[in-house]
Structure formats: C-alpha cells, structure tokens
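Trainee: Pasting structure20.tsv here (TSV, C-alpha atoms):
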```tsv
chain	number	residue	atom	x	y	z
A	1	MET	CA	19.50	-29.61	-5.85
A	2	ASN	CA	19.44	-32.36	-3.22
A	3	ASP	CA	16.94	-32.59	-0.37
A	4	HIS	CA	19.34	-31.08	2.18
A	5	THR	CA	20.04	-28.06	-0.02
A	6	THR	CA	16.33	-27.67	-0.74
A	7	ASP	CA	15.64	-27.68	3.00
A	8	LEU	CA	18.27	-24.96	3.55
A	9	ALA	CA	16.81	-22.87	0.70
A	10	THR	CA	13.31	-23.31	2.08
A	11	GLU	CA	14.44	-22.36	5.58
A	12	ALA	CA	16.07	-19.15	4.34
A	13	PHE	CA	13.09	-18.22	2.18
A	14	VAL	CA	10.60	-18.77	5.00
A	15	ALA	CA	12.76	-16.78	7.42
A	16	HIS	CA	12.67	-13.74	5.14
A	17	ARG	CA	9.24	-14.22	3.56
A	18	ASN	CA	7.48	-11.42	5.45
A	19	LEU	CA	10.24	-8.98	4.51
A	20	LEU	CA	10.11	-10.03	0.85
A	21	PHE	CA	6.33	-9.65	0.76
A	22	THR	CA	6.58	-6.19	2.33
A	23	VAL	CA	9.21	-5.12	-0.23
A	24	ALA	CA	7.11	-6.40	-3.12
A	25	TYR	CA	3.89	-4.83	-1.80
A	26	GLU	CA	5.56	-1.45	-1.20
A	27	MET	CA	6.79	-1.53	-4.79
A	28	LEU	CA	3.54	-2.74	-6.37
A	29	GLY	CA	0.63	-1.62	-4.19
A	30	SER	CA	-1.00	-4.96	-4.91
A	31	ALA	CA	-1.00	-7.90	-2.50
A	32	ALA	CA	-2.02	-10.33	-5.26
A	33	ASP	CA	0.89	-9.25	-7.45
A	34	ALA	CA	3.24	-9.30	-4.46
A	35	GLU	CA	2.28	-12.93	-3.82
A	36	ASP	CA	3.02	-13.74	-7.47
A	37	VAL	CA	6.41	-12.04	-7.16
A	38	LEU	CA	7.21	-14.18	-4.13
A	39	GLN	CA	6.36	-17.30	-6.10
A	40	GLU	CA	8.67	-16.17	-8.91
A	41	THR	CA	11.37	-15.36	-6.34
A	42	TRP	CA	11.09	-18.84	-4.85
A	43	LEU	CA	11.41	-20.54	-8.25
A	44	ARG	CA	14.62	-18.61	-8.92
A	45	TRP	CA	15.96	-19.01	-5.38
A	46	ILE	CA	15.87	-22.82	-5.42
A	47	LYS	CA	18.13	-22.78	-8.52
A	48	VAL	CA	20.78	-20.67	-6.78
A	49	ASP	CA	24.05	-22.23	-5.60
A	50	LEU	CA	23.78	-21.38	-1.90
A	51	GLY	CA	27.50	-21.97	-1.46
A	52	GLN	CA	28.14	-18.83	-3.51
A	53	VAL	CA	25.72	-16.65	-1.49
A	54	THR	CA	27.31	-14.62	1.31
A	55	ASP	CA	24.17	-12.71	2.36
A	56	GLN	CA	20.95	-14.66	1.82
A	57	ARG	CA	18.69	-11.78	2.88
A	58	ALA	CA	20.27	-9.35	0.42
A	59	TYR	CA	20.24	-11.94	-2.35
A	60	LEU	CA	16.57	-12.74	-1.84
A	61	VAL	CA	15.66	-9.03	-1.77
A	62	ARG	CA	17.62	-8.59	-5.02
A	63	ILE	CA	15.60	-11.34	-6.74
A	64	THR	CA	12.34	-9.96	-5.36
A	65	THR	CA	13.16	-6.42	-6.48
A	66	ARG	CA	13.99	-7.51	-10.01
A	67	GLN	CA	10.79	-9.53	-10.32
A	68	ALA	CA	8.74	-6.69	-8.82
A	69	LEU	CA	10.30	-4.20	-11.25
A	70	ASN	CA	9.35	-6.39	-14.21
A	71	ARG	CA	5.81	-6.71	-12.93
A	72	LEU	CA	5.54	-3.01	-12.06
A	73	ARG	CA	6.39	-1.99	-15.63
A	74	ALA	CA	3.70	-4.34	-16.94
A	75	MET	CA	1.19	-3.07	-14.35
A	76	LYS	CA	1.75	0.56	-15.42
A	77	ARG	CA	0.46	-0.35	-18.87
A	78	ARG	CA	-2.40	-2.43	-17.45
A	79	ARG	CA	-3.61	0.39	-15.23
A	80	GLU	CA	-4.05	2.70	-18.22
A	81	ALA	CA	-7.06	0.55	-19.16
A	82	TYR	CA	-8.45	0.40	-15.61
A	83	VAL	CA	-12.05	1.57	-15.23
A	84	GLY	CA	-12.24	4.62	-12.96
A	85	GLN	CA	-9.64	5.42	-10.34
A	86	TRP	CA	-6.97	2.94	-9.30
A	87	LEU	CA	-6.19	2.64	-5.59
A	88	PRO	CA	-3.69	0.34	-3.86
A	89	GLU	CA	-5.00	-2.97	-2.57
A	90	PRO	CA	-5.66	-2.57	1.19
A	91	LEU	CA	-4.21	-4.98	3.72
A	92	LEU	CA	-5.67	-5.84	7.11
A	93	THR	CA	-2.69	-5.29	9.41
A	94	ALA	CA	-1.88	-6.28	12.97
A	95	PRO	CA	-1.89	-3.64	15.74
A	96	ASP	CA	1.93	-3.76	15.99
A	97	VAL	CA	2.21	-2.33	12.47
A	98	ALA	CA	0.45	0.84	13.62
A	99	GLU	CA	2.95	1.07	16.47
A	100	ASP	CA	5.85	1.01	13.99
A	101	ILE	CA	5.51	4.61	12.83
A	102	GLU	CA	7.99	4.25	9.98
A	103	LEU	CA	6.28	1.18	8.54
A	104	ALA	CA	2.77	2.56	9.03
A	105	GLU	CA	3.65	5.83	7.29
A	106	SER	CA	5.33	4.10	4.35
A	107	MET	CA	2.31	1.82	3.85
A	108	SER	CA	-0.46	4.38	4.31
A	109	MET	CA	-2.81	4.72	1.35
A	110	ALA	CA	-1.74	8.36	0.99
A	111	MET	CA	1.94	7.42	0.75
A	112	MET	CA	1.27	4.47	-1.55
A	113	LEU	CA	-0.45	6.87	-3.95
A	114	VAL	CA	2.55	9.20	-3.81
A	115	LEU	CA	4.76	6.25	-4.71
A	116	GLU	CA	2.51	5.60	-7.72
A	117	SER	CA	3.73	8.87	-9.22
A	118	LEU	CA	7.35	7.64	-9.35
A	119	SER	CA	8.88	5.73	-12.23
A	120	PRO	CA	9.37	2.00	-11.55
A	121	THR	CA	13.11	2.40	-10.92
A	122	GLU	CA	12.59	5.50	-8.75
A	123	ARG	CA	10.04	3.63	-6.70
A	124	ALA	CA	12.29	0.63	-6.21
A	125	VAL	CA	15.23	2.81	-5.16
A	126	PHE	CA	13.12	4.95	-2.83
A	127	VAL	CA	11.50	1.96	-1.16
A	128	LEU	CA	14.76	0.07	-0.65
A	129	ARG	CA	16.65	3.12	0.60
A	130	GLU	CA	14.12	5.19	2.54
A	131	VAL	CA	11.86	2.45	3.86
A	132	PHE	CA	14.16	-0.56	4.25
A	133	GLU	CA	17.47	1.32	4.65
A	134	PHE	CA	19.49	-0.80	2.23
A	135	ALA	CA	22.96	0.46	1.27
A	136	TYR	CA	23.42	2.11	-2.13
A	137	ASP	CA	25.64	-0.70	-3.41
A	138	GLU	CA	23.02	-3.30	-2.44
A	139	ILE	CA	20.31	-1.32	-4.23
A	140	ALA	CA	22.57	-0.94	-7.27
A	141	GLU	CA	22.85	-4.74	-7.50
A	142	ALA	CA	19.06	-5.07	-7.26
A	143	VAL	CA	18.11	-2.48	-9.90
A	144	GLY	CA	21.04	-2.93	-12.28
A	145	LYS	CA	22.53	0.54	-11.85
A	146	THR	CA	25.81	1.90	-10.52
A	147	PRO	CA	25.89	3.10	-6.90
A	148	ALA	CA	26.45	6.66	-8.16
A	149	ALA	CA	23.36	6.45	-10.38
A	150	VAL	CA	21.36	5.03	-7.48
A	151	ARG	CA	22.35	7.98	-5.30
A	152	GLN	CA	21.07	10.40	-7.94
A	153	ILE	CA	17.83	8.45	-8.39
A	154	ALA	CA	17.33	8.32	-4.62
A	155	HIS	CA	17.84	12.08	-4.31
A	156	ARG	CA	15.38	12.79	-7.12
A	157	ALA	CA	12.75	10.36	-5.77
A	158	ARG	CA	13.11	11.72	-2.23
A	159	GLY	CA	12.49	15.27	-3.43
A	160	HIS	CA	9.45	14.16	-5.40
A	161	VAL	CA	7.98	12.29	-2.42
A	162	ASP	CA	8.75	15.04	0.10
A	163	ALA	CA	6.86	17.55	-2.04
A	164	ARG	CA	3.75	15.36	-2.04
A	165	ARG	CA	3.69	13.51	1.28
A	166	PRO	CA	1.44	14.71	4.15
A	167	ARG	CA	2.93	17.69	6.01
A	168	ARG	CA	2.53	15.90	9.32
A	169	THR	CA	1.57	12.31	9.90
A	170	ALA	CA	-1.37	12.04	12.28
A	171	SER	CA	-1.03	9.61	15.16
A	172	ALA	CA	-3.19	6.51	15.19
A	173	SER	CA	-5.33	8.03	17.95
A	174	GLU	CA	-5.85	11.27	15.98
A	175	ALA	CA	-6.82	9.35	12.86
A	176	ARG	CA	-9.14	7.09	14.84
A	177	ALA	CA	-10.89	10.07	16.46
A	178	ALA	CA	-11.44	11.75	13.08
A	179	LEU	CA	-12.81	8.55	11.55
A	180	GLU	CA	-15.11	7.97	14.53
A	181	SER	CA	-16.57	11.46	14.02
A	182	PHE	CA	-16.91	10.77	10.30
A	183	GLN	CA	-18.62	7.42	10.94
A	184	ARG	CA	-21.00	8.94	13.50
A	185	ALA	CA	-22.01	11.70	11.09
A	186	LEU	CA	-22.55	9.23	8.26
A	187	GLU	CA	-24.70	6.91	10.36
A	188	THR	CA	-26.84	9.72	11.76
A	189	GLY	CA	-27.10	11.56	8.44
A	190	ASP	CA	-25.57	14.69	9.98
A	191	PRO	CA	-24.25	16.99	7.23
A	192	GLN	CA	-22.83	19.52	9.68
A	193	GLY	CA	-21.01	16.76	11.52
A	194	LEU	CA	-19.37	15.75	8.25
A	195	LEU	CA	-18.44	19.34	7.41
A	196	ASP	CA	-16.87	19.70	10.84
A	197	VAL	CA	-14.52	16.73	10.39
A	198	LEU	CA	-13.76	17.16	6.68
A	199	ALA	CA	-11.19	19.72	5.55
A	200	PRO	CA	-12.73	22.18	3.04
A	201	ASP	CA	-10.50	20.91	0.21
A	202	VAL	CA	-10.75	17.21	1.10
A	203	VAL	CA	-10.46	14.79	-1.83
A	204	LEU	CA	-12.34	11.48	-2.17
A	205	LEU	CA	-10.89	8.78	-4.41
A	206	SER	CA	-13.00	5.67	-4.90
A	207	ASP	CA	-12.12	2.46	-6.69
A	208	GLY	CA	-14.86	0.17	-7.93
A	209	GLY	CA	-12.88	-1.32	-10.80
A	210	GLY	CA	-15.93	-1.08	-13.04
A	211	VAL	CA	-17.57	-3.79	-10.92
A	212	LYS	CA	-19.00	-1.82	-7.98
A	213	LYS	CA	-20.55	1.63	-7.93
A	214	ALA	CA	-17.89	4.29	-7.35
A	215	ALA	CA	-17.11	7.81	-8.48
A	216	LEU	CA	-15.11	7.60	-11.71
A	217	HIS	CA	-13.30	10.85	-10.94
A	218	PRO	CA	-12.04	12.47	-7.73
A	219	VAL	CA	-14.72	14.20	-5.66
A	220	ILE	CA	-13.17	17.44	-4.39
A	221	GLY	CA	-14.48	19.58	-1.56
A	222	ALA	CA	-16.31	18.85	1.70
A	223	GLU	CA	-19.74	19.96	0.49
A	224	LYS	CA	-19.58	17.73	-2.60
A	225	ILE	CA	-18.53	14.75	-0.51
A	226	VAL	CA	-21.40	15.38	1.93
A	227	ARG	CA	-23.85	15.34	-0.99
A	228	PHE	CA	-22.17	12.23	-2.38
A	229	TYR	CA	-22.69	10.26	0.85
A	230	LEU	CA	-25.94	11.71	2.17
A	231	GLY	CA	-27.71	12.20	-1.13
A	232	GLY	CA	-29.13	8.69	-1.40
A	233	SER	CA	-32.60	7.61	-0.40
A	234	ALA	CA	-33.42	6.93	3.24
A	235	LYS	CA	-34.23	3.34	2.30
A	236	VAL	CA	-30.75	2.79	0.85
A	237	GLN	CA	-29.05	4.60	3.75
A	238	ALA	CA	-30.81	2.30	6.22
A	239	THR	CA	-29.02	-0.75	4.75
A	240	ILE	CA	-25.56	0.81	5.16
A	241	THR	CA	-23.40	0.41	8.26
A	242	TRP	CA	-19.74	1.16	8.99
A	243	GLY	CA	-17.33	-0.53	11.37
A	244	PRO	CA	-13.79	0.22	12.56
A	245	THR	CA	-10.86	-1.72	11.11
A	246	VAL	CA	-7.14	-1.23	10.50
A	247	VAL	CA	-5.66	-1.29	7.01
A	248	ASN	CA	-2.10	-0.55	5.98
A	249	GLY	CA	-1.18	0.24	9.56
A	250	SER	CA	-3.79	2.95	10.03
A	251	PRO	CA	-7.36	3.17	11.36
A	252	ALA	CA	-9.99	2.72	8.65
A	253	LEU	CA	-13.69	1.95	8.18
A	254	ALA	CA	-15.28	-1.17	6.74
A	255	LEU	CA	-18.49	-0.75	4.74
A	256	TYR	CA	-21.38	-3.19	5.11
A	257	VAL	CA	-24.48	-3.13	2.92
A	258	GLY	CA	-27.33	-5.29	4.15
A	259	GLY	CA	-24.86	-6.94	6.51
A	260	GLU	CA	-22.51	-7.94	3.69
A	261	PHE	CA	-18.93	-6.63	3.58
A	262	GLU	CA	-18.63	-4.25	0.62
A	263	GLY	CA	-15.53	-2.13	0.96
A	264	VAL	CA	-12.86	-0.35	2.97
A	265	MET	CA	-12.30	3.36	3.48
A	266	ALA	CA	-8.93	4.70	4.60
A	267	ALA	CA	-8.24	8.34	5.37
A	268	ARG	CA	-5.49	10.93	5.42
A	269	VAL	CA	-5.81	13.05	8.55
A	270	GLU	CA	-4.02	16.34	9.17
A	271	ASP	CA	-4.64	18.71	12.09
A	272	ALA	CA	-7.58	16.57	13.29
A	273	ARG	CA	-9.46	16.89	9.98
A	274	ILE	CA	-9.75	14.48	7.08
A	275	THR	CA	-7.93	15.74	3.98
A	276	GLY	CA	-8.15	12.55	1.92
A	277	LEU	CA	-10.53	9.60	1.67
A	278	TYR	CA	-9.60	6.39	-0.13
A	279	PHE	CA	-12.56	4.10	-0.74
A	280	VAL	CA	-11.87	0.63	-2.19
A	281	ARG	CA	-14.90	-1.35	-3.38
A	282	ASN	CA	-13.43	-3.49	-6.15
A	283	PRO	CA	-14.02	-7.07	-4.86
A	284	GLU	CA	-10.73	-8.25	-6.39
A	285	LYS	CA	-8.90	-5.86	-4.07
A	286	LEU	CA	-10.66	-6.92	-0.88
A	287	THR	CA	-9.21	-10.40	-0.50
A	288	HIS	CA	-6.54	-9.30	2.00
A	289	VAL	CA	-8.77	-7.45	4.46
A	290	THR	CA	-10.32	-10.50	6.12
A	291	ALA	CA	-7.12	-11.89	7.67
A	292	GLU	CA	-4.07	-10.05	8.97
A	293	THR	CA	-1.02	-9.86	6.71
A	294	PRO	CA	2.32	-10.08	8.56
A	295	LEU	CA	4.73	-7.33	7.52
A	296	THR	CA	8.20	-6.26	8.54
A	297	LEU	CA	10.97	-3.83	7.59
A	298	ARG	CA	13.78	-6.13	8.74
```
What does the file become when written as structure tokens?
Mentor:
Amino acid sequence: MNDHTTDLATEAFVAHRNLLFTVAYEMLGSAADAEDVLQETWLRWIKVDLGQVTDQRAYLVRITTRQALNRLRAMKRRREAYVGQWLPEPLLTAPDVAEDIELAESMSMAMMLVLESLSPTERAVFVLREVFEFAYDEIAEAVGKTPAAVRQIAHRARGHVDARRPRRTASASEARAALESFQRALETGDPQGLLDVLAPDVVLLSDGGGVKKAALHPVIGAEKIVRFYLGGSAKVQATITWGPTVVNGSPALALYVGGEFEGVMAARVEDARITGLYFVRNPEKLTHVTAETPLTLR
C-alpha cells in the first residue's frame, strides 16, 4: 500500500472511528476490549484494496463486527472465572448523548445487562439492526449468515430484549431527581429517605472484580440495600462522599473515599423510584470515566 492509499484508508477510518467504537462497545460492554477491536479492525483495513470497496462505512462495520464477535465469544468464557458479579465498563459520556434518547437507552447499564443475556450472534444482530438500523443484507455479510437467518435471529433477539428491558425509560431529569434523593439520603444517613426513593424490590449489583470490596451476589430489596449502605461505622461513613456524573448517557453518582475516586453507580429508574443499582468499583473498569468518550449511531 503506497502513502496515498494509506492516507485515504486513514482518512476513512478516522471519519468512522466513533461509530466503530460505539458498535464494538455495544457488542462487548467493555471499552478496553472495544479499543482492541478497533486496533484489529485498523490492521485489517489497511490491507484492503480500497478500489474494490463501494461502501467504506459498511465495510469497516463488517470488519469491526467480525472482530467483536470473535472477542465476545472469548470473553464469555473469561467471565465464567470472574470474581463476583460482572458489570459493563462505564463510560463518561458527553451531555449530547443523554439528549439522544435512542443512544442513551441502548447504552444504559440496564440495557447492556439485558444484552449480556443474548448469544454473541444474537447480540451482534440486535445491536446492528435495532440500535444502528443496518439493513438485513448488510448484517448478514457482517455475521456470516443469510439475510433470512438474520431476520429470524433479529426477531428472536428482539423478543428476548423486549421481555427484559425497562417498561418505561425514565427521562434524564427523572433519573437525576431520583439519584439526588438517593445521594442526599446516603450522605445524611437517612434510612427513611432511602426507602422512599428505592422501589421495594430494587436490586443492587456491584462489581469489585475481586480487587475492591463489593457484594459477591445481588442484594435484593430496599431494606437490605439500606442496611448494606448505612450499616458501616460512623467513622467509615464520614470518609465517603458522592458526586453527580453522567455515564453511558444517563445520570450517575461517583464515589469518593477520603477524597479519592473509588467507583461509579448507575441506576435504573421507573416511576420516579430506583429499581436497579449498578455499582462498579473494579479499578480496571474505571479508566473511561475520567474523560468523555465520543459516541455516535451514524
């Protein structure tokens, strides 16, 4: 490949990089693995004869999808040995992501966990069709299936997701209000305040990766979660503070212990009450919450 062709390949890759990262992240739930997939995509892209490519965007997405599928299958096996609960890697996102309702919903921690329950191929098909609106024949090229098979997979994946996704997506302002009430109750040690904002059957999932203290199993029920967060000593509680942030397109809380950043908590909010809490403390998963990650569906 000569310098001119390399420049053209680089220009095309850079133009679509944010889209490719978003595709890979939606498929993998891991920013670190998504970055690796982009590197693998680039190495394959620069070997492509650009004169034979009619749609560079579709071709790049095809390479990215195939690499992400390979990695996703390997990650499924790796996660079986993960200590405690596995949660997606949170991303600090720009305010405009929250304004894009479709993107924010598809990237929410709650939705990312629903996607975890799909098979790798189902996840790829669902993401490309429902989130990025690719045509069935384009998806077929990416996943190595016939368009007819892709239609069936898409129908099956859509039914699976619809049965598990939140009944109604809370607006950013609703989610922010619920989290502000939650934060206020935590900081003042107000158990009734927590019970007021938590749904009775709320579920807490926390991910410490075996490195940081976290519940190894889901904590289910408002009263148990209140005990979990307010049961520590007053001395320990005095070192803990929370601050507002935005991860995966939705309002969230950042945890600080002794002034040091220690984790991120996202929430699923329905009817003004918190029905799900997703607490990430594994340091390896907190590398993308200090600077905004640009994302796009197009």
Trainee: Emit as JSON the padded axis-aligned box for all listed atoms of stretch 85-95 of chain A, 5 Å per side, with centre and edge lengths in Å to one decimal.
Mentor:
```
{"center_x": -5.8, "center_y": -0.4, "center_z": 2.7, "size_x": 17.8, "size_y": 21.7, "size_z": 36.1}
```
Trainee: For A:Arg151, which of A:Gly221, A:Leu128, A:Gly258, A:Ser171 is the closest residue, counting only C-alpha atoms?
Mentor: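 Looking only at the distances to A:Arg151, the closest residue turns out to be A:Leu128.
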Trainee: Mind checking which residues fall within 10 Å of A:Gly243, counting only C-alpha atoms, ignoring those fewer than 3 positions away in the same chain, and posting them as a PyMOL selection string?
Mentor: chain A and resi 180+183+252-256+264
Trainee: Could you check which of A:Tyr229, A:Phe182, A:Phe261, A:Trp45 is closest to A:Leu8, using all atoms listed in the file?
Mentor: A:Trp45
Trainee: Could you tell me how far atom CA of A:Thr22 sits from atom CA of A:Val247, in Å to one decimal place?
Mentor: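 Going from atom CA of A:Val247 over to atom CA of A:Thr22, I get 14.0 Å.
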Trainee: Counting only C-alpha atoms, what are the residues of stretch 7-120 of chain A within 6 Å of stretch 205-211 of chain A, and for each of them which pair of atoms is the nearest and at what distance in Å, to one decimal? Sort the table by chain and rising number, as JSON lines.
Mentor:
```
{"residue": "A:Val83", "atom": "CA", "partner": "A:Gly210", "partner_atom": "CA", "distance": 5.2}
{"residue": "A:Gln85", "atom": "CA", "partner": "A:Asp207", "partner_atom": "CA", "distance": 5.3}
{"residue": "A:Trp86", "atom": "CA", "partner": "A:Asp207", "partner_atom": "CA", "distance": 5.8}
```
